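*Asks:* Structure file data_16.csv (CSV, C-alpha atoms and all ligand atoms) is given on the next line.
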```
chain,number,residue,atom,x,y,z
A,1,MET,CA,21.2,-4.4,12.2
A,2,ASN,CA,19.1,-6.6,14.5
A,3,CYS,CA,16.0,-4.4,14.5
A,4,LEU,CA,13.3,-3.4,12.1
A,5,GLN,CA,12.8,0.3,11.8
A,6,VAL,CA,9.2,1.2,12.4
A,7,CYS,CA,7.3,4.4,11.9
A,8,GLU,CA,4.1,3.5,13.6
A,9,VAL,CA,1.8,0.6,14.6
A,10,PHE,CA,-1.9,1.4,14.7
A,11,GLY,CA,-5.3,-0.3,14.7
A,12,PRO,CA,-7.6,-1.9,14.7
A,13,THR,CA,-9.0,0.1,11.8
A,14,ILE,CA,-10.2,-0.7,8.3
A,15,GLN,CA,-8.2,-1.1,5.2
A,16,GLY,CA,-9.3,1.9,3.3
A,17,GLU,CA,-7.8,1.1,-0.1
A,18,GLY,CA,-7.5,-1.6,-2.8
A,19,LEU,CA,-9.1,-5.0,-3.1
A,20,GLN,CA,-9.4,-5.5,0.7
A,21,ILE,CA,-11.3,-2.3,1.2
A,22,GLY,CA,-13.4,-2.3,4.4
A,23,GLN,CA,-11.6,-5.2,6.0
A,24,PRO,CA,-10.6,-4.8,9.7
A,25,THR,CA,-6.8,-4.9,10.0
A,26,MET,CA,-3.9,-3.8,12.1
A,27,PHE,CA,-1.2,-1.6,10.4
A,28,VAL,CA,2.5,-1.6,10.7
A,29,ARG,CA,4.1,1.4,8.8
A,30,PHE,CA,7.8,0.8,8.3
A,31,GLN,CA,10.2,3.7,8.2
A,32,GLY,CA,12.1,4.6,5.1
A,33,CYS,CA,11.2,5.1,1.5
A,34,ASP,CA,13.3,5.0,-1.7
A,35,SER,CA,11.0,7.5,-3.5
A,36,ARG,CA,10.1,11.1,-2.8
A,37,CYS,CA,6.6,11.6,-4.3
A,38,SER,CA,5.5,15.2,-4.1
A,39,TRP,CA,1.9,14.1,-3.2
A,40,CYS,CA,3.0,11.6,-0.5
A,41,ASP,CA,0.4,11.3,2.3
A,42,SER,CA,3.0,9.9,4.7
A,43,PRO,CA,6.2,11.9,4.3
A,44,TYR,CA,7.0,11.3,8.0
A,45,SER,CA,7.9,7.8,7.0
A,46,TRP,CA,10.6,8.8,4.6
A,47,SER,CA,13.8,8.9,6.7
A,48,ILE,CA,15.1,5.5,7.7
A,49,ASP,CA,16.7,7.0,10.8
A,50,GLN,CA,13.4,8.1,12.4
A,51,GLY,CA,10.7,6.1,14.1
A,52,PHE,CA,11.6,3.3,16.6
A,53,SER,CA,13.6,0.1,16.4
A,54,ALA,CA,12.0,-3.2,17.2
A,55,THR,CA,13.0,-6.9,16.9
A,56,PRO,CA,10.5,-9.0,15.0
A,57,LYS,CA,9.2,-10.4,18.3
A,58,GLU,CA,8.9,-7.0,19.9
A,59,LEU,CA,6.9,-5.8,16.9
A,60,LEU,CA,4.6,-8.7,17.1
A,61,THR,CA,4.1,-8.0,20.8
A,62,HIS,CA,3.4,-4.3,20.0
A,63,ILE,CA,0.6,-5.4,17.6
A,64,LYS,CA,-0.9,-7.8,20.1
A,65,ASN,CA,-0.9,-5.2,22.8
A,66,LEU,CA,-3.0,-2.9,20.7
A,67,ASN,CA,-5.4,-5.8,19.7
A,68,ALA,CA,-4.8,-9.5,20.0
A,69,ASN,CA,-8.0,-10.5,18.3
A,70,ILE,CA,-7.6,-9.1,14.8
A,71,LYS,CA,-5.6,-11.6,12.9
A,72,ARG,CA,-5.0,-9.4,9.8
A,73,VAL,CA,-2.0,-7.1,9.5
A,74,THR,CA,-1.1,-4.7,6.7
A,75,LEU,CA,2.6,-3.9,6.2
A,76,THR,CA,3.0,-0.5,4.7
A,77,GLY,CA,5.4,2.4,4.5
A,78,GLY,CA,7.4,4.1,3.3
A,79,ASN,CA,8.5,1.0,1.5
A,80,PRO,CA,8.6,-2.1,3.7
A,81,LEU,CA,11.1,-3.7,1.2
A,82,ILE,CA,13.8,-1.3,2.4
A,83,GLN,CA,14.0,-3.3,5.7
A,84,ASN,CA,16.6,-5.9,6.4
A,85,THR,CA,15.6,-9.1,4.5
A,86,ALA,CA,16.5,-11.6,7.2
A,87,LEU,CA,14.5,-9.7,9.8
A,88,MET,CA,11.5,-9.4,7.5
A,89,ASP,CA,11.7,-13.1,6.8
A,90,GLU,CA,11.7,-13.7,10.6
A,91,PHE,CA,8.8,-11.3,11.2
A,92,ILE,CA,6.7,-12.8,8.4
A,93,THR,CA,7.3,-16.3,9.7
A,94,LEU,CA,6.3,-15.2,13.2
A,95,LEU,CA,3.1,-13.6,11.9
A,96,LYS,CA,2.3,-16.8,9.9
A,97,THR,CA,2.8,-19.1,12.9
A,98,GLN,CA,0.5,-16.9,14.9
A,99,GLY,CA,-2.2,-17.2,12.3
A,100,TYR,CA,-2.1,-13.8,10.7
A,101,SER,CA,-3.2,-13.0,7.2
A,102,ILE,CA,-0.6,-10.6,5.8
A,103,ALA,CA,-1.2,-7.8,3.3
A,104,LEU,CA,1.7,-5.8,1.9
A,105,GLU,CA,1.7,-2.4,0.3
A,106,THR,CA,4.7,-1.3,-1.8
A,107,GLN,CA,5.4,0.8,-4.8
A,108,GLY,CA,7.3,-2.0,-6.6
A,109,THR,CA,10.7,-0.4,-6.8
A,110,LEU,CA,12.3,-3.3,-4.8
A,111,TYR,CA,11.6,-7.0,-4.7
A,112,ASN,CA,12.5,-9.7,-2.1
A,113,ASP,CA,11.5,-13.3,-1.9
A,114,TRP,CA,9.7,-12.8,1.5
A,115,VAL,CA,6.9,-11.1,-0.4
A,116,THR,CA,5.7,-14.5,-1.7
A,117,ALA,CA,4.5,-15.4,1.8
A,118,CYS,CA,2.1,-12.4,1.9
A,119,ASP,CA,-1.5,-13.2,1.3
A,120,LYS,CA,-2.3,-10.0,-0.6
A,121,ILE,CA,0.1,-7.5,-2.2
A,122,ALA,CA,-0.9,-4.1,-3.4
A,123,VAL,CA,1.8,-2.8,-5.8
A,124,SER,CA,1.3,0.8,-6.6
A,125,PRO,CA,3.8,2.0,-9.2
A,126,LYS,CA,3.9,5.7,-10.0
A,127,PRO,CA,5.3,7.4,-13.1
A,128,ASN,CA,8.4,8.4,-11.0
A,129,THR,CA,9.0,5.0,-9.5
A,130,TYR,CA,8.3,2.7,-12.4
A,131,ASN,CA,10.5,-0.4,-12.3
A,132,GLN,CA,9.8,-2.7,-15.2
A,133,GLU,CA,11.9,-5.6,-14.0
A,134,ASN,CA,10.3,-5.8,-10.5
A,135,LEU,CA,6.8,-5.3,-11.9
A,136,ASP,CA,7.4,-8.3,-14.1
A,137,LYS,CA,8.3,-10.3,-11.0
A,138,PHE,CA,5.4,-9.1,-8.9
A,139,SER,CA,3.0,-9.8,-11.8
A,140,THR,CA,3.8,-13.5,-11.6
A,141,LEU,CA,2.3,-13.7,-8.1
A,142,HIS,CA,-1.4,-14.6,-7.8
A,143,SER,CA,-1.6,-12.5,-4.6
A,144,VAL,CA,-0.7,-9.3,-6.4
A,145,PHE,CA,-2.9,-6.5,-7.7
A,146,PHE,CA,-1.7,-3.2,-9.1
A,147,LYS,CA,-3.1,0.1,-7.8
A,148,VAL,CA,-2.6,3.4,-9.6
A,149,VAL,CA,-3.4,6.6,-7.7
A,150,ILE,CA,-4.8,9.1,-10.2
A,151,PHE,CA,-3.7,12.7,-10.0
A,152,GLY,CA,-3.5,13.5,-13.7
A,153,GLN,CA,-2.8,12.3,-17.2
A,154,PRO,CA,0.6,10.6,-16.5
A,155,ASP,CA,-1.2,8.3,-14.0
A,156,ILE,CA,-3.9,7.5,-16.6
A,157,LYS,CA,-1.2,6.7,-19.1
A,158,LEU,CA,0.5,4.5,-16.6
A,159,ALA,CA,-2.8,2.6,-15.8
A,160,GLU,CA,-3.3,2.1,-19.5
A,161,GLU,CA,0.2,0.7,-19.9
A,162,LEU,CA,-0.2,-1.7,-16.9
A,163,LEU,CA,-3.4,-3.1,-18.4
A,164,ARG,CA,-1.8,-3.6,-21.7
A,165,LYS,CA,1.3,-5.3,-20.3
A,166,TYR,CA,-0.3,-7.3,-17.4
A,167,PRO,CA,-3.8,-8.1,-18.5
A,168,ASN,CA,-4.0,-10.9,-15.9
A,169,THR,CA,-3.1,-8.8,-12.9
A,170,PRO,CA,-6.0,-7.0,-11.3
A,171,LEU,CA,-5.8,-3.2,-11.5
A,172,VAL,CA,-7.4,-0.7,-9.1
A,173,LEU,CA,-7.6,3.0,-9.8
A,174,GLN,CA,-7.7,5.2,-6.8
A,175,VAL,CA,-8.6,8.9,-6.5
A,176,GLY,CA,-5.5,11.0,-5.7
A,177,ASN,CA,-5.8,12.8,-2.4
A,178,ILE,CA,-3.9,16.0,-1.9
A,179,ILE,CA,-3.1,16.4,1.8
A,180,GLY,CA,-4.0,19.9,3.1
A,181,ALA,CA,-6.3,20.6,0.1
A,182,ASP,CA,-8.7,17.7,-0.3
A,183,THR,CA,-11.7,17.0,1.9
A,184,PRO,CA,-14.2,14.1,1.9
A,185,GLN,CA,-16.4,16.3,-0.2
A,186,THR,CA,-13.8,17.2,-2.9
A,187,LEU,CA,-12.7,13.6,-3.0
A,188,MET,CA,-16.2,12.4,-3.7
A,189,GLN,CA,-16.4,14.9,-6.6
A,190,LYS,CA,-13.1,13.7,-7.9
A,191,TYR,CA,-14.2,10.1,-7.6
A,192,SER,CA,-17.4,10.7,-9.6
A,193,LYS,CA,-15.2,12.4,-12.3
A,194,LEU,CA,-12.7,9.5,-12.3
A,195,VAL,CA,-15.5,6.9,-12.7
A,196,GLU,CA,-17.0,8.8,-15.6
A,197,GLU,CA,-13.6,9.3,-17.4
A,198,THR,CA,-12.6,5.7,-16.8
A,199,LEU,CA,-15.8,4.3,-18.2
A,200,ASN,CA,-15.4,6.5,-21.3
A,201,ASN,CA,-11.8,5.4,-21.8
A,202,GLN,CA,-11.7,2.3,-24.1
A,203,ALA,CA,-8.2,1.5,-22.9
A,204,LEU,CA,-9.3,1.3,-19.2
A,205,GLN,CA,-12.5,-0.7,-19.4
A,206,GLN,CA,-10.9,-3.8,-18.0
A,207,VAL,CA,-10.0,-2.2,-14.7
A,208,THR,CA,-11.0,-4.3,-11.7
A,209,ALA,CA,-12.2,-1.4,-9.5
A,210,ILE,CA,-12.3,2.3,-9.2
A,211,LEU,CA,-12.1,3.3,-5.5
A,212,PRO,CA,-11.8,6.2,-3.2
A,213,GLN,CA,-9.9,6.0,0.1
A,214,LEU,CA,-12.6,4.8,2.4
A,215,HIS,CA,-10.8,5.7,5.6
A,216,VAL,CA,-10.4,9.3,4.4
A,217,LEU,CA,-14.1,9.6,3.5
A,218,ALA,CA,-14.9,8.3,7.0
A,219,TYR,CA,-12.3,10.2,9.1
A,220,GLY,CA,-10.7,12.8,6.9
A,221,ASN,CA,-6.9,13.1,6.4
A,222,LYS,CA,-5.9,12.0,9.9
A,223,ARG,CA,-2.7,10.1,10.7
A,224,GLY,CA,-3.0,6.6,12.4
A,225,ILE,CA,-6.3,5.6,10.9
B,1,LIG,S1,6.4,5.7,-2.6
B,1,LIG,FE1,4.6,5.9,-1.2
B,1,LIG,S2,5.5,6.3,0.8
B,1,LIG,FE2,7.1,6.6,-0.7
B,1,LIG,S3,7.2,8.8,-1.1
B,1,LIG,FE3,5.8,7.9,-2.7
B,1,LIG,S4,3.7,7.9,-1.9
B,1,LIG,FE4,5.2,8.3,-0.1
```
What is this file in structure tokens?

*Replies:*
Amino acid sequence: MNCLQVCEVFGPTIQGEGLQIGQPTMFVRFQGCDSRCSWCDSPYSWSIDQGFSATPKELLTHIKNLNANIKRVTLTGGNPLIQNTALMDEFITLLKTQGYSIALETQGTLYNDWVTACDKIAVSPKPNTYNQENLDKFSTLHSVFFKVVIFGQPDIKLAEELLRKYPNTPLVLQVGNIIGADTPQTLMQKYSKLVEETLNNQALQQVTAILPQLHVLAYGNKRGI
């Protein structure tokens, strides 16, 4: 396989989630996911056979054709770690030589050494994708923060467990967004409730941040933003 499998490239836009919230960035969404979360907001990225194929150089050109000035790129999915390791190594090296700051978003089910070259890594384990061994590895990287998307009690329990096991890794709680049901208004109501519940939960008082998805508040649940 000489090509990376890409779902979409878009931007410039803002990073709407996590510790880089509000920062301008380009996005590359890779095709393929090893999980099947019922609440997934990008199920179109699941199948590895869809999207388009691109060599690392072609993918870099694609990004630059959209915008050559933004030197921040976010690699998301699906799960970017499903991609061919050698090609991801090559792509990351290309981005670095071109002066890009790289953010990675993954659920933490897979680990590869190329992640260590990323400047910021959002690992968002879910109760159905929890992989202790890989979370242990990710937690050793200074660039990592954990993000738990809160839909219900199992997610709260997961957040509590992460704080207990990894007290030195920043933890972000994010309001769960149900595509087709939630609106910016309902999400802000859910956000207020999550803030209140978190601040009243002794086991969660060391969280780093409680955040909504800023891009959804600004633009609604639209693809490619
Ligand atoms: S891990 Fe992420 S991309 Fe994959 S199915 Fe779950 S929410 Fe969707």

*Asks:* Can you work out which one of A:Leu81, A:Ala209, A:Leu135, A:Val216 has the shortest atom-to-atom distance to Ile178 in chain A, counting all atoms listed in the file?

*Replies:* A:Val216

*Asks:* Taking into account all atoms listed in the file, which residue in the set A:Thr61, A:Thr106, A:Thr97, A:Gln15 is nearest to ligand LIG 1 (chain B)?

*Replies:*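 Checking each of A:Thr61, A:Thr106, A:Thr97, A:Gln15 against ligand LIG 1 (chain B), counting all atoms listed in the file, the winner is A:Thr106.
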
*Asks:* Leaving out Val6 in chain A and any residue of its chain fewer than 2 positions from it, which residues lie within 7 Å of it when counting all atoms listed in the file, given as an MDAnalysis selection string?

*Replies:* chainID A and resid 4 8 29:31 51:53

*Asks:* If you keep C-alpha atoms, can you produce a file of those selected residues as a PDB file, keeping the file's coordinate frame?

*Replies:*
```
ATOM      1  CA  LEU A   4      13.300  -3.400  12.100  1.00  0.00           C
ATOM      2  CA  GLU A   8       4.100   3.500  13.600  1.00  0.00           C
ATOM      3  CA  ARG A  29       4.100   1.400   8.800  1.00  0.00           C
ATOM      4  CA  PHE A  30       7.800   0.800   8.300  1.00  0.00           C
ATOM      5  CA  GLN A  31      10.200   3.700   8.200  1.00  0.00           C
ATOM      6  CA  GLY A  51      10.700   6.100  14.100  1.00  0.00           C
ATOM      7  CA  PHE A  52      11.600   3.300  16.600  1.00  0.00           C
ATOM      8  CA  SER A  53      13.600   0.100  16.400  1.00  0.00           C
TER       9      SER A  53
END
```

*Asks:* Within 12 Å of ligand LIG 1 (chain B), counting only C-alpha atoms and all ligand atoms: which residues, as a PyMOL selection string?

*Replies:* chain A and resi 7+29-48+75-82+105-110+122-130+147-151+176-179

*Asks:* Which neighbours of Gln20 in chain A fall inside 12 Å, counting all atoms listed in the file, when residues of the same chain fewer than 5 positions from it are skipped, and could you give them as a ChimeraX atom specification?

*Replies:* /A:14-15,25,72-74,101-105,119-122,143-145,147,172,209,211,213-214

*Asks:* Which distance in Å separates CA of Gln202 in chain A and CA of Leu163 in chain A, to one decimal?

*Replies:*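 Computing it gives 11.4 Å between the two atoms.
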
*Asks:* Which is closer to Thr169 in chain A than all the others in A:Val195, A:Lys137, A:Leu187, A:Gly22, using only C-alpha atoms?

*Replies:* A:Lys137

*Asks:* Using only C-alpha atoms, which protein or nucleic acid residues come within 6 Å of Tyr100 in chain A? Drop anything in the same chain fewer than 3 positions from it, and give the result as an MDAnalysis selection string.

*Replies:* chainID A and resid 71:72 95:96

*Asks:* Using C-alpha atoms, can you write the selected residues to a file as a PDB file, in the coordinates of the input?

*Replies:*
```
ATOM      1  CA  LYS A  71      -5.600 -11.600  12.900  1.00  0.00           C
ATOM      2  CA  ARG A  72      -5.000  -9.400   9.800  1.00  0.00           C
ATOM      3  CA  LEU A  95       3.100 -13.600  11.900  1.00  0.00           C
ATOM      4  CA  LYS A  96       2.300 -16.800   9.900  1.00  0.00           C
TER       5      LYS A  96
END
```

*Asks:* Pick from A:Leu59, A:Ala159, A:Ile210, A:Cys3: nearest to Met26 in chain A, with all atoms listed in the file counted?

*Replies:* A:Leu59

*Asks:* Determine the nearest neighbour of Leu87 in chain A from the options A:Leu66, A:Gln5, A:Gly99, A:Lys165, counting all atoms listed in the file.

*Replies:*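 Nearest candidate to Leu87 in chain A out of A:Leu66, A:Gln5, A:Gly99, A:Lys165: A:Gln5.
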
*Asks:* How many Å lie between CA of Glu197 in chain A and CA of Tyr219 in chain A, rounded to one decimal?

*Replies:* 26.5 Å

*Asks:* Enter the distance from CA of Thr85 in chain A to CA of Trp114 in chain A, in Å, rounded to one decimal.

*Replies:*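 Separation of CA of Thr85 in chain A and CA of Trp114 in chain A: 7.6 Å.
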